Each structure stands twice: as structure tokens, then as C-alpha cells.
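Notes for the one structure printed next.
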There are 2 protein chains.
Amino acid sequence: MSLGEFDLIAKYFDRPARRAALGIGDDCALLAVPPGMQLATSCDMLVEGRHFLSTVAPERLGHKALAVNLSDLAACGAEPVAFTLALALPSADELFLDGFSRGLLALADAHGCELIGGDTTRGPLNICISIFGQVPMSPGAGALLRSGARAGDELYVSGKLGDARLALEAFRGTLMLAGEDFDTVRCGMELPQPRVALGLALRGVATSAIDLSDGLLGDLSHVLQRSGVDALVDVDAVPRSTVLRAQPLAVQRLCTLSGGDDYELLFTAPPGRAHQVSAAGIATGLTLTRIGRIVQRAGPRQEAHIGLVDADGRAVLHASASFDHFRA
Amino acid sequence: MSLGEFDLIAKYFDRPARRAALGIGDDCALLAVPPGMQLATSCDMLVEGRHFLSTVAPERLGHKALAVNLSDLAACGAEPVAFTLALALPSADELFLDGFSRGLLALADAHGCELIGGDTTRGPLNICISIFGQVPMSPGAGALLRSGARAGDELYVSGKLGDARLALEAFRGTLMLAGEDFDTVRCGMELPQPRVALGLALRGVATSAIDLSDGLLGDLSHVLQRSGVDALVDVDAVPRSTVLRAQPLAVQRLCTLSGGDDYELLFTAPPGRAHQVSAAGIATGLTLTRIGRIVQRAGPRQEAHIGLVDADGRAVLHASASFDHFRA
């Protein structure tokens, strides 16, 4: 017996709304936004073979699909409230739906973010989540934007970068990893932890923020572009795991600088707020590493420039292209 | 030269935000919701071959992709504010993007609804739009819900039903239409007009509403289910076009009762508000037709029942299944 569209929603996704004024089951969901707050929203579409491999466990895929959206709220300093899920599936595969919905809803519950609506259809596998958060409207401690970086600010990153890309290279067969190491970096790729608490702790502290989805250099260039500034990055300071440190330096630099799928936060703050940054790291249990600084853009260039130096202060050459879905 | 992801967004979709606090280009978009209002949101995912045919002109597809979402806001009585677009494309086809974005943004402009963000990726063609509207929180004149129909209410529908399904049957080759007739009903299928103004006019008048996307009987059953009531429908009163009237009665009934893709509003109102319903029709330039009434559910049945009668009051038999993406 094949599961119908409405049964599928009822069985795997329909749960009573707690925060929303109206959840699943009507033409629209309704959300009240508290006075003084504004709504932050983002959406990500995940396609098999581009954003995840066919080998991923459905539960991990459910986790990741929501994690990448929560990561956008984190980058904005917004508190998660709710999300919608649009899902195209080749068939109503109950094994897939069971795992997928468990991974998805477990992460949703961990962040108090409820599923309030969506759409299901038959079609090539495609997962599109729109997420809603709330953030104060107050100018000094409101949303973290990409546009606030100023010359003199220090550049920080949370956690460690590059494991997701290292796992991808292992899947592609371009390098070999021992079983345990592979499992570790595979977790980095398949179970990213959105830095929501850090985003909240950085409100009023960071001058700009972005989440790392397309690779450090590409995402940094978005911040520089929106802020009208340049940056200097100490490539050896970029934090990486023990597993990645065991790789040749070229692999380490590829994975940390142009990796993608890290879902850590990259942010800027003036030197005078170093102790507040440090406090945010302690409060959230995350290592925050200073990896460079923001500098004035020299002359009338339109394009942002990222100067790369190593631990000895020597210039490093590296192709800094961001991941591009239509060029990759 | 192939168009990259960020160029594609810049060229076809990035326009300055007017209503939103922050539009395209950051991790999240920001929307302020005025005091006393709440946010209404809905999302629809469109897949080739299921929601549209490969023969559709890109401009019409852009129109329809947004129209089906605006129609959800209409059914809720919400005023359109903004939307996000997630788009998976097999390639960065500029001919497609040019037409698609023109159709999409023209309808968006017509409704003062702005594009504030989204996602683009390579993959099998998939269009997922999330839409945002605002609706007063006041109990008497707030959002129109599916759950408010009461025994004694009259059942109304806007416009004419069935042309979209008739066009689909002509495309499928199950019937033939003269060229001009085909063009007319094809417009019904490819260029639905969301009844946003009507939804707004029905706030405080209608007791329940839904937009017709899966067919009259299927969508009516959603209202009855949520409201805990049954309905009687006069199948001959269901409004239809001259083109559809020229078809055999069985085709007329199939198209009007189980058609799908009509995007008219189905709503209920107490008999005492008939003049207000009439005024809403005049104000919006739409024909509103009374097609039946809501009756009490007899006994402890879980399933809603729709009694069908013809103009002579005789019972009509008709398979009342709604369109189901996993059973179709």
C-alpha cells in the first residue's frame, strides 16, 4: 500500500504547533513577532549529488538539511522560531521518511524551532527548507550583517575548518584516510552543528558575521564586498583538526581556505572587544580563533582583496574562488 | 561563457529592497511586522511534469510559480509583503532565466510583493517559493482559516472552475479543442490570477476559506475536516466557462469538481452576510457564486461527507478524491 501525500505529512511531519499561532494544515501558517523584534528568514535548497551524497544516512540528511538553515540564522544573530519543509521525493519511501524526519525533528527540538508547514510532491529528490528566527530591532545589538566590518577589526572564526572538504576528497578517492579518521571527518560533513548560541552571544559584539558554507575565502569576500573593505588572513592560524593536520600542507590549505560545508561562523570585532569575544567563546563552549584583520581598501577597486600570509609573514598564493553551483 | 551563481542572481533577481528591512545579499532577509499584525507564510514546490508541462513558456512559469503562493495568502486574507525563491536548474539557461524572472517579477510588482532572498543551485528543474504576508491579529477580522465553517453557512466560489483541467486533458490528448478555445483554457492553466483582493475583502465576512489547487471536492473536504462539518453542493451551480459548457456533462463535472489548478477561492459565510459577500464581489470585479451550504455532521463520523445534487435536486455520484502527488 503506497502512502498518500496527506498521510505522509500526518505520519512523519505533523505535530501540534507550540510557538506558532497556526501550524501545519491550513493555507498559511501564522507567526506572531513580539514587539521590538523583527523576523529573519533564509532558505536553502539541497539537491542530491551537489549538497549531499547518495550514501548519506537519511537521519543525517534530515539533520543537515535543517542545520544549514539554522546556520544562516546563527550568522544573523537570530533566535530560531520555526521552519517550513518542501520535499520532492521519487516515491513515498517510508524507510527514508522515517530516518529523515527523525534527524530533522531532533535538531529542530534541540533548537526550539518548530515545523509549521510546507509542501510534498513526487519528483527528483529535493529538500527546500525556509527558516524563521527573530532578532531585536535595536541598532546596537540587533541582527549581525555582512556589511558592518570596518578597517582595524579583527577577524575570527569558530571551531575548526576543513574536515567536511577532507571527507569529500576521501569520498572522491583523491586521498585515503584510516577508518576512524574517515568517520571523524565524515561527521564534520554530514552532521554540522549550527552555531546558534554563538550568533546570539555575538549580538552587540561582532561588527559583521557570515556562516561558512562555500569556503572561508569565498565567504570572507562576501563580507568584504558588502563592507567595502579588504582583509589580511594568516593561513597558518586557521584552526584545523588533528586529522587534517596529518595531511600535506597543500591539502590543509585547500580544505581550510576553499573547503565549504564548514558551517562555522566567521566574524569581525574591534580589538577593544577582544574580551567580549573571548567571553562569548567560553559561554558557548567554542574555540574562537583570530585569523586576521580587516584593512582599508586601497584606491577605487571594486573587488575585495584578501591578502594571505603564512606564520612567517610570507605572502601565500592560493586560488581564492568560492564554490559556485553553476561553475563547479 | 557560462553564467555563475552570483552573477545569475545579480542579473535576474537582485533588486533593491523597498518594504523589507534587508533584502537579497546577506545570510538572512529581515522583515518588520507592524504592531497588531502577524506574519502569514506558505510555500509551494513546483516540479516539471507534475505542476507544469515542459511546453510552458518561461514567462508564464514565472507567473504561475508566484501565483500559486499568492493564492495561499489570498485564502488566508493576508496582504502580500515578500517572497523568497529557491531554484534548481539543469544549467544557467539565460533564455529561460530572462523569461522566468520577467513573469515572476511582473506579478510580484502587481501585488507589491518583493523578492527578498533565496537560493540557486544546479539540479533537476525545481522551483520553490516561500511567501510572506501580513494579517491583523484581531479575532473578528483576522486571518481566514479552514476551520471556521459552521452548519447553516452558505458555500461560495469565485470566478469559474475547470478550465485548467480541461486544458490538461487537451494536452494529454483525451479530448480536442478548437485553437481559440484551447488558447483560452490554456491561459486558465498557465496564468492563474490569485484572488488576493478578494481574500482581503472577505476578512470579517467569510467564516472559512481555502484556495482551489487540488480540485473543488478535495479542497472542500479539507475545510469540512478542519471545521467538523459536512456540506451539500449543487454540482450544476458550479460556475464554468463557455468553452467548458460545450463539453459533455461528464467532462464538465470532472473538470469543475476534481479539476485542480483553479486558484479560485472557496469560502463560507452565514446567510445574514450575503450582502457583504455580494459587495466583496463587486469591489473586486469577481463573480461570486453560491454553490451549496454547510450542514451539521450527522453522528460520530470522522470523515467529512459531501452530498452532491444536480439542479433538479437529484443525488449525483462522483468519485471525490483530491489530487494526491504520491497517488496520481
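The way I read the labels, and the way they are meant: chains A, B, ... in the order of the C-alpha cells, residue 1 as the first residue of every chain, and ligand 1 as the first ligand shown, with later ones counted on from there.
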Least-squares Cα fit of chain A to chain B, output as a tab-separated table (two decimals) with C-alpha atoms, in the first residue's frame:
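Everything below was put into result_13.tsv:
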```
chain	number	residue	atom	x	y	z
A	1	MET	CA	30.81	31.93	-21.12
A	2	SER	CA	28.67	30.32	-18.50
A	3	LEU	CA	26.89	32.46	-15.98
A	4	GLY	CA	27.93	31.86	-12.35
A	5	GLU	CA	25.57	31.53	-9.40
A	6	PHE	CA	26.20	35.02	-8.01
A	7	ASP	CA	26.11	36.72	-11.45
A	8	LEU	CA	22.85	34.92	-12.17
A	9	ILE	CA	21.25	36.28	-9.00
A	10	ALA	CA	22.61	39.78	-9.65
A	11	LYS	CA	21.47	39.85	-13.27
A	12	TYR	CA	17.98	38.44	-12.96
A	13	PHE	CA	16.79	38.62	-9.40
A	14	ASP	CA	18.60	41.20	-7.25
A	15	ARG	CA	16.64	44.42	-6.90
A	16	PRO	CA	16.82	46.93	-4.02
A	17	ALA	CA	14.54	46.08	-1.09
A	18	ARG	CA	11.73	48.58	-0.62
A	19	ARG	CA	9.51	47.05	2.05
A	20	ALA	CA	11.89	44.63	3.76
A	21	ALA	CA	14.40	45.89	6.32
A	22	LEU	CA	17.04	43.80	4.50
A	23	GLY	CA	16.73	42.03	1.16
A	24	ILE	CA	18.97	39.82	-1.00
A	25	GLY	CA	22.67	39.48	-0.17
A	26	ASP	CA	23.04	38.60	3.50
A	27	ASP	CA	22.62	35.34	5.44
A	28	CYS	CA	19.01	36.20	6.21
A	29	ALA	CA	16.48	38.72	5.00
A	30	LEU	CA	14.84	40.86	7.68
A	31	LEU	CA	11.16	41.73	7.81
A	32	ALA	CA	9.48	44.03	10.31
A	33	VAL	CA	5.89	43.10	11.09
A	34	PRO	CA	3.75	46.16	12.03
A	35	PRO	CA	2.14	46.21	15.50
A	36	GLY	CA	-1.18	44.35	15.59
A	37	MET	CA	-0.27	42.27	12.56
A	38	GLN	CA	1.04	38.74	12.33
A	39	LEU	CA	3.02	37.04	9.60
A	40	ALA	CA	1.32	34.56	7.26
A	41	THR	CA	3.62	32.24	5.35
A	42	SER	CA	3.26	29.41	2.86
A	43	CYS	CA	5.49	27.54	0.46
A	44	ASP	CA	4.93	25.61	-2.76
A	45	MET	CA	7.36	23.46	-4.68
A	46	LEU	CA	6.82	23.11	-8.44
A	47	VAL	CA	8.27	20.19	-10.36
A	48	GLU	CA	8.27	19.77	-14.15
A	49	GLY	CA	5.74	17.23	-15.40
A	50	ARG	CA	3.71	17.42	-12.20
A	51	HIS	CA	2.93	21.10	-11.72
A	52	PHE	CA	3.75	22.36	-15.18
A	53	LEU	CA	4.44	20.93	-18.61
A	54	SER	CA	7.75	21.32	-20.40
A	55	THR	CA	5.84	23.21	-23.12
A	56	VAL	CA	5.06	26.19	-20.86
A	57	ALA	CA	6.71	29.52	-21.76
A	58	PRO	CA	9.26	30.56	-19.08
A	59	GLU	CA	7.46	33.87	-18.53
A	60	ARG	CA	4.21	32.05	-17.77
A	61	LEU	CA	6.02	29.63	-15.50
A	62	GLY	CA	7.50	32.56	-13.56
A	63	HIS	CA	4.00	33.98	-13.22
A	64	LYS	CA	2.45	30.71	-12.11
A	65	ALA	CA	5.17	29.87	-9.58
A	66	LEU	CA	4.41	33.06	-7.67
A	67	ALA	CA	0.65	32.99	-8.37
A	68	VAL	CA	0.12	29.70	-6.55
A	69	ASN	CA	1.81	31.17	-3.47
A	70	LEU	CA	-0.08	34.46	-3.65
A	71	SER	CA	-3.21	32.33	-3.85
A	72	ASP	CA	-2.36	30.82	-0.43
A	73	LEU	CA	-2.07	34.31	1.04
A	74	ALA	CA	-5.40	35.19	-0.60
A	75	ALA	CA	-7.07	32.18	1.02
A	76	CYS	CA	-5.78	33.41	4.36
A	77	GLY	CA	-6.88	37.02	3.82
A	78	ALA	CA	-3.26	38.18	4.08
A	79	GLU	CA	-1.68	41.15	2.33
A	80	PRO	CA	1.40	40.10	0.31
A	81	VAL	CA	4.71	41.55	1.52
A	82	ALA	CA	7.66	39.52	0.26
A	83	PHE	CA	8.87	36.15	-1.02
A	84	THR	CA	11.98	34.02	-1.38
A	85	LEU	CA	12.83	31.90	-4.43
A	86	ALA	CA	14.83	28.67	-4.37
A	87	LEU	CA	15.59	27.46	-7.88
A	88	ALA	CA	17.31	24.30	-9.09
A	89	LEU	CA	18.21	24.47	-12.79
A	90	PRO	CA	19.89	21.91	-15.04
A	91	SER	CA	22.05	24.79	-16.39
A	92	ALA	CA	22.22	28.57	-16.19
A	93	ASP	CA	19.99	28.92	-19.28
A	94	GLU	CA	19.74	32.66	-19.89
A	95	LEU	CA	16.75	32.43	-22.23
A	96	PHE	CA	14.84	30.59	-19.52
A	97	LEU	CA	16.03	32.91	-16.74
A	98	ASP	CA	15.15	36.04	-18.68
A	99	GLY	CA	11.56	34.93	-19.33
A	100	PHE	CA	11.08	33.31	-15.94
A	101	SER	CA	12.29	36.32	-13.98
A	102	ARG	CA	10.18	38.72	-16.08
A	103	GLY	CA	6.98	36.75	-15.48
A	104	LEU	CA	7.78	36.31	-11.81
A	105	LEU	CA	8.71	39.90	-11.05
A	106	ALA	CA	5.84	41.39	-13.09
A	107	LEU	CA	3.32	39.54	-10.91
A	108	ALA	CA	5.33	40.41	-7.80
A	109	ASP	CA	5.23	44.11	-8.71
A	110	ALA	CA	1.49	43.94	-9.42
A	111	HIS	CA	0.99	42.76	-5.83
A	112	GLY	CA	3.67	44.90	-4.14
A	113	CYS	CA	5.40	41.68	-3.07
A	114	GLU	CA	9.19	41.83	-3.20
A	115	LEU	CA	11.85	39.17	-3.68
A	116	ILE	CA	14.03	39.26	-0.54
A	117	GLY	CA	16.21	36.18	-0.83
A	118	GLY	CA	16.54	32.59	-1.90
A	119	ASP	CA	18.92	30.02	-3.22
A	120	THR	CA	20.07	28.80	-6.63
A	121	THR	CA	21.69	25.50	-7.45
A	122	ARG	CA	22.25	23.18	-10.35
A	123	GLY	CA	19.87	20.21	-10.39
A	124	PRO	CA	16.68	18.88	-11.98
A	125	LEU	CA	14.34	21.85	-12.55
A	126	ASN	CA	12.58	22.69	-9.29
A	127	ILE	CA	11.01	25.96	-8.19
A	128	CYS	CA	10.28	26.51	-4.51
A	129	ILE	CA	8.80	29.81	-3.38
A	130	SER	CA	8.07	30.83	0.20
A	131	ILE	CA	5.77	33.78	0.54
A	132	PHE	CA	5.15	36.21	3.39
A	133	GLY	CA	2.07	38.28	4.03
A	134	GLN	CA	0.62	40.16	6.95
A	135	VAL	CA	-2.79	39.82	8.51
A	136	PRO	CA	-4.36	41.54	11.55
A	137	MET	CA	-4.35	39.65	14.83
A	138	SER	CA	-7.89	40.88	15.64
A	139	PRO	CA	-10.18	37.87	16.22
A	140	GLY	CA	-13.20	39.05	14.19
A	141	ALA	CA	-11.42	40.37	11.10
A	142	GLY	CA	-8.15	38.45	11.14
A	143	ALA	CA	-6.85	35.53	9.10
A	144	LEU	CA	-9.34	33.41	7.16
A	145	LEU	CA	-8.93	29.81	8.28
A	146	ARG	CA	-10.17	26.46	7.05
A	147	SER	CA	-11.60	25.69	10.46
A	148	GLY	CA	-14.37	28.30	10.76
A	149	ALA	CA	-17.21	26.83	8.63
A	150	ARG	CA	-20.42	26.35	10.61
A	151	ALA	CA	-23.67	24.49	9.84
A	152	GLY	CA	-26.01	26.91	8.07
A	153	ASP	CA	-23.21	28.81	6.31
A	154	GLU	CA	-23.54	29.21	2.58
A	155	LEU	CA	-20.76	27.94	0.33
A	156	TYR	CA	-19.37	30.24	-2.35
A	157	VAL	CA	-16.74	30.08	-5.05
A	158	SER	CA	-15.09	32.89	-7.03
A	159	GLY	CA	-14.73	33.00	-10.82
A	160	LYS	CA	-15.16	29.89	-12.97
A	161	LEU	CA	-13.79	26.42	-12.34
A	162	GLY	CA	-12.43	23.68	-14.57
A	163	ASP	CA	-10.61	25.40	-17.45
A	164	ALA	CA	-7.16	24.40	-16.18
A	165	ARG	CA	-8.18	20.74	-16.06
A	166	LEU	CA	-9.81	20.99	-19.48
A	167	ALA	CA	-6.53	22.36	-20.88
A	168	LEU	CA	-4.62	19.50	-19.26
A	169	GLU	CA	-6.95	16.95	-20.87
A	170	ALA	CA	-6.41	18.64	-24.24
A	171	PHE	CA	-2.62	18.48	-23.74
A	172	ARG	CA	-2.99	14.81	-22.81
A	173	GLY	CA	-4.99	14.24	-26.01
A	174	THR	CA	-8.04	12.81	-24.24
A	175	LEU	CA	-10.18	15.46	-25.96
A	176	MET	CA	-9.86	18.00	-28.78
A	177	LEU	CA	-10.45	21.73	-28.60
A	178	ALA	CA	-10.61	24.35	-31.37
A	179	GLY	CA	-7.48	26.57	-31.46
A	180	GLU	CA	-9.06	29.63	-29.88
A	181	ASP	CA	-10.79	27.60	-27.17
A	182	PHE	CA	-7.54	25.83	-26.42
A	183	ASP	CA	-5.71	29.16	-26.05
A	184	THR	CA	-8.41	30.37	-23.65
A	185	VAL	CA	-8.32	27.39	-21.31
A	186	ARG	CA	-4.54	27.17	-21.60
A	187	CYS	CA	-4.42	30.69	-20.14
A	188	GLY	CA	-6.53	29.39	-17.28
A	189	MET	CA	-3.93	26.71	-16.62
A	190	GLU	CA	-0.76	28.72	-17.20
A	191	LEU	CA	-1.72	32.20	-15.98
A	192	PRO	CA	-3.85	31.77	-12.87
A	193	GLN	CA	-4.88	35.06	-11.22
A	194	PRO	CA	-4.49	34.87	-7.45
A	195	ARG	CA	-7.55	36.34	-5.70
A	196	VAL	CA	-5.61	38.48	-3.24
A	197	ALA	CA	-8.03	41.45	-3.26
A	198	LEU	CA	-10.95	39.11	-2.65
A	199	GLY	CA	-9.20	37.48	0.30
A	200	LEU	CA	-8.69	40.91	1.87
A	201	ALA	CA	-12.33	41.89	1.18
A	202	LEU	CA	-13.56	38.70	2.86
A	203	ARG	CA	-11.86	39.37	6.20
A	204	GLY	CA	-14.60	39.70	8.78
A	205	VAL	CA	-17.14	38.37	6.23
A	206	ALA	CA	-16.18	34.76	5.40
A	207	THR	CA	-16.13	32.20	8.21
A	208	SER	CA	-13.66	29.95	6.36
A	209	ALA	CA	-11.72	29.97	3.10
A	210	ILE	CA	-9.35	27.85	1.02
A	211	ASP	CA	-7.85	28.30	-2.43
A	212	LEU	CA	-8.70	25.69	-5.04
A	213	SER	CA	-5.48	23.96	-6.04
A	214	ASP	CA	-6.32	20.23	-5.83
A	215	GLY	CA	-9.93	20.33	-7.07
A	216	LEU	CA	-13.19	21.58	-5.54
A	217	LEU	CA	-14.23	18.38	-3.75
A	218	GLY	CA	-10.78	17.64	-2.36
A	219	ASP	CA	-10.22	21.17	-1.13
A	220	LEU	CA	-13.75	21.42	0.25
A	221	SER	CA	-13.16	18.24	2.22
A	222	HIS	CA	-10.12	19.90	3.88
A	223	VAL	CA	-12.39	22.73	5.07
A	224	LEU	CA	-15.05	20.28	6.29
A	225	GLN	CA	-12.45	18.17	8.07
A	226	ARG	CA	-10.92	21.12	9.89
A	227	SER	CA	-14.35	22.55	10.71
A	228	GLY	CA	-16.02	19.29	11.78
A	229	VAL	CA	-18.97	19.74	9.42
A	230	ASP	CA	-20.44	18.31	6.18
A	231	ALA	CA	-21.65	20.04	3.02
A	232	LEU	CA	-24.23	19.85	0.25
A	233	VAL	CA	-23.08	20.99	-3.19
A	234	ASP	CA	-25.28	21.76	-6.20
A	235	VAL	CA	-22.98	20.47	-8.94
A	236	ASP	CA	-24.89	22.30	-11.68
A	237	ALA	CA	-24.42	25.61	-9.89
A	238	VAL	CA	-20.63	25.36	-10.03
A	239	PRO	CA	-19.64	28.16	-12.44
A	240	ARG	CA	-17.82	27.20	-15.63
A	241	SER	CA	-16.66	28.86	-18.83
A	242	THR	CA	-18.46	28.83	-22.18
A	243	VAL	CA	-15.70	26.60	-23.53
A	244	LEU	CA	-16.22	24.05	-20.77
A	245	ARG	CA	-20.03	24.24	-21.13
A	246	ALA	CA	-19.63	22.98	-24.70
A	247	GLN	CA	-18.17	19.71	-23.38
A	248	PRO	CA	-20.20	16.59	-22.39
A	249	LEU	CA	-21.65	16.79	-18.87
A	250	ALA	CA	-19.24	14.12	-17.57
A	251	VAL	CA	-16.26	16.23	-18.69
A	252	GLN	CA	-17.81	19.35	-17.15
A	253	ARG	CA	-18.24	17.56	-13.82
A	254	LEU	CA	-14.75	16.06	-13.87
A	255	CYS	CA	-13.20	19.45	-14.60
A	256	THR	CA	-15.25	21.52	-12.14
A	257	LEU	CA	-15.38	19.03	-9.24
A	258	SER	CA	-11.97	17.31	-9.43
A	259	GLY	CA	-10.09	19.70	-11.68
A	260	GLY	CA	-7.29	21.24	-9.75
A	261	ASP	CA	-5.15	24.29	-10.58
A	262	ASP	CA	-8.15	26.65	-10.47
A	263	TYR	CA	-6.73	29.05	-7.86
A	264	GLU	CA	-10.16	30.50	-7.17
A	265	LEU	CA	-11.31	30.95	-3.56
A	266	LEU	CA	-13.85	28.64	-1.95
A	267	PHE	CA	-15.37	30.20	1.17
A	268	THR	CA	-18.27	30.08	3.59
A	269	ALA	CA	-20.39	32.85	5.11
A	270	PRO	CA	-23.60	32.93	7.13
A	271	PRO	CA	-26.77	33.78	5.14
A	272	GLY	CA	-27.01	37.08	7.04
A	273	ARG	CA	-23.80	38.26	5.37
A	274	ALA	CA	-25.00	37.63	1.79
A	275	HIS	CA	-25.01	41.36	1.02
A	276	GLN	CA	-21.44	41.74	2.32
A	277	VAL	CA	-20.35	38.83	0.14
A	278	SER	CA	-22.04	40.48	-2.79
A	279	ALA	CA	-20.26	43.77	-2.01
A	280	ALA	CA	-16.90	41.96	-1.89
A	281	GLY	CA	-17.59	40.54	-5.36
A	282	ILE	CA	-18.50	43.95	-6.77
A	283	ALA	CA	-15.50	45.66	-5.15
A	284	THR	CA	-13.09	43.12	-6.65
A	285	GLY	CA	-14.83	42.70	-10.01
A	286	LEU	CA	-15.28	38.97	-9.45
A	287	THR	CA	-18.34	36.80	-9.89
A	288	LEU	CA	-19.07	35.02	-6.61
A	289	THR	CA	-21.42	32.06	-6.92
A	290	ARG	CA	-23.31	30.27	-4.16
A	291	ILE	CA	-22.81	26.56	-4.83
A	292	GLY	CA	-24.14	24.91	-1.69
A	293	ARG	CA	-24.26	25.03	2.06
A	294	ILE	CA	-22.67	23.68	5.19
A	295	VAL	CA	-24.63	21.12	7.23
A	296	GLN	CA	-24.11	19.52	10.60
A	297	ARG	CA	-22.14	16.28	10.65
A	298	ALA	CA	-24.59	13.51	11.50
A	299	GLY	CA	-23.30	11.08	14.11
A	300	PRO	CA	-19.73	10.32	15.13
A	301	ARG	CA	-18.17	9.99	11.63
A	302	GLN	CA	-14.55	11.08	11.38
A	303	GLU	CA	-14.65	11.62	7.63
A	304	ALA	CA	-16.34	14.65	6.13
A	305	HIS	CA	-19.21	13.96	3.75
A	306	ILE	CA	-20.08	15.99	0.68
A	307	GLY	CA	-23.60	15.44	-0.64
A	308	LEU	CA	-23.83	16.21	-4.36
A	309	VAL	CA	-27.14	17.14	-6.00
A	310	ASP	CA	-28.00	18.39	-9.49
A	311	ALA	CA	-30.24	21.32	-10.45
A	312	ASP	CA	-33.29	19.07	-10.04
A	313	GLY	CA	-32.25	18.07	-6.54
A	314	ARG	CA	-31.28	14.51	-7.55
A	315	ALA	CA	-28.25	12.93	-5.91
A	316	VAL	CA	-25.16	12.82	-8.15
A	317	LEU	CA	-22.52	10.12	-7.87
A	318	HIS	CA	-18.92	11.29	-8.35
A	319	ALA	CA	-15.58	9.95	-7.15
A	320	SER	CA	-14.51	12.79	-4.89
A	321	ALA	CA	-10.82	12.05	-4.45
A	322	SER	CA	-8.50	15.01	-4.20
A	323	PHE	CA	-5.35	15.24	-6.26
A	324	ASP	CA	-2.56	13.45	-4.44
A	325	HIS	CA	1.04	13.79	-5.63
A	326	PHE	CA	1.98	10.35	-4.37
A	327	ARG	CA	-1.04	8.56	-5.76
A	328	ALA	CA	-1.53	10.37	-9.06
```
TODO: Output as an MDAnalysis selection string all residues of stretch 72-173 of chain A that backbone DSSP marks as alpha helix (DSSP H).
DONE: chainID A and resid 72:76 94:110 163:172
- [ ] Could you find all residues in stretch 82-168 of chain B that DSSP calls strand (DSSP E or B) from the backbone, and write them as a PyMOL selection string?
- [x] chain B and resi 82-89+114-122+126-136+154-158
Based on the selection just made, write C-alpha atoms of those residues as a compact mmCIF listing (two decimals), in the first residue's frame.
```txt
# COMPACT_ATOMS: atom_id res chain seq x y z
CA ALA B 82 7.65 39.50 0.26
CA PHE B 83 8.86 36.13 -1.02
CA THR B 84 11.98 34.00 -1.39
CA LEU B 85 12.83 31.89 -4.41
CA ALA B 86 14.83 28.67 -4.37
CA LEU B 87 15.60 27.47 -7.87
CA ALA B 88 17.31 24.30 -9.09
CA LEU B 89 18.21 24.48 -12.79
CA GLU B 114 9.17 41.81 -3.20
CA LEU B 115 11.84 39.16 -3.69
CA ILE B 116 14.00 39.25 -0.55
CA GLY B 117 16.21 36.18 -0.85
CA GLY B 118 16.54 32.60 -1.91
CA ASP B 119 18.93 30.02 -3.22
CA THR B 120 20.07 28.80 -6.64
CA THR B 121 21.69 25.51 -7.46
CA ARG B 122 22.26 23.17 -10.35
CA ASN B 126 12.59 22.67 -9.26
CA ILE B 127 11.01 25.94 -8.17
CA CYS B 128 10.28 26.51 -4.51
CA ILE B 129 8.79 29.80 -3.37
CA SER B 130 8.07 30.81 0.21
CA ILE B 131 5.76 33.77 0.55
CA PHE B 132 5.15 36.20 3.39
CA GLY B 133 2.07 38.27 4.05
CA GLN B 134 0.62 40.15 6.96
CA VAL B 135 -2.80 39.80 8.52
CA PRO B 136 -4.35 41.54 11.55
CA GLU B 154 -23.53 29.22 2.59
CA LEU B 155 -20.76 27.94 0.34
CA TYR B 156 -19.35 30.25 -2.35
CA VAL B 157 -16.74 30.08 -5.06
CA SER B 158 -15.09 32.90 -7.04
```
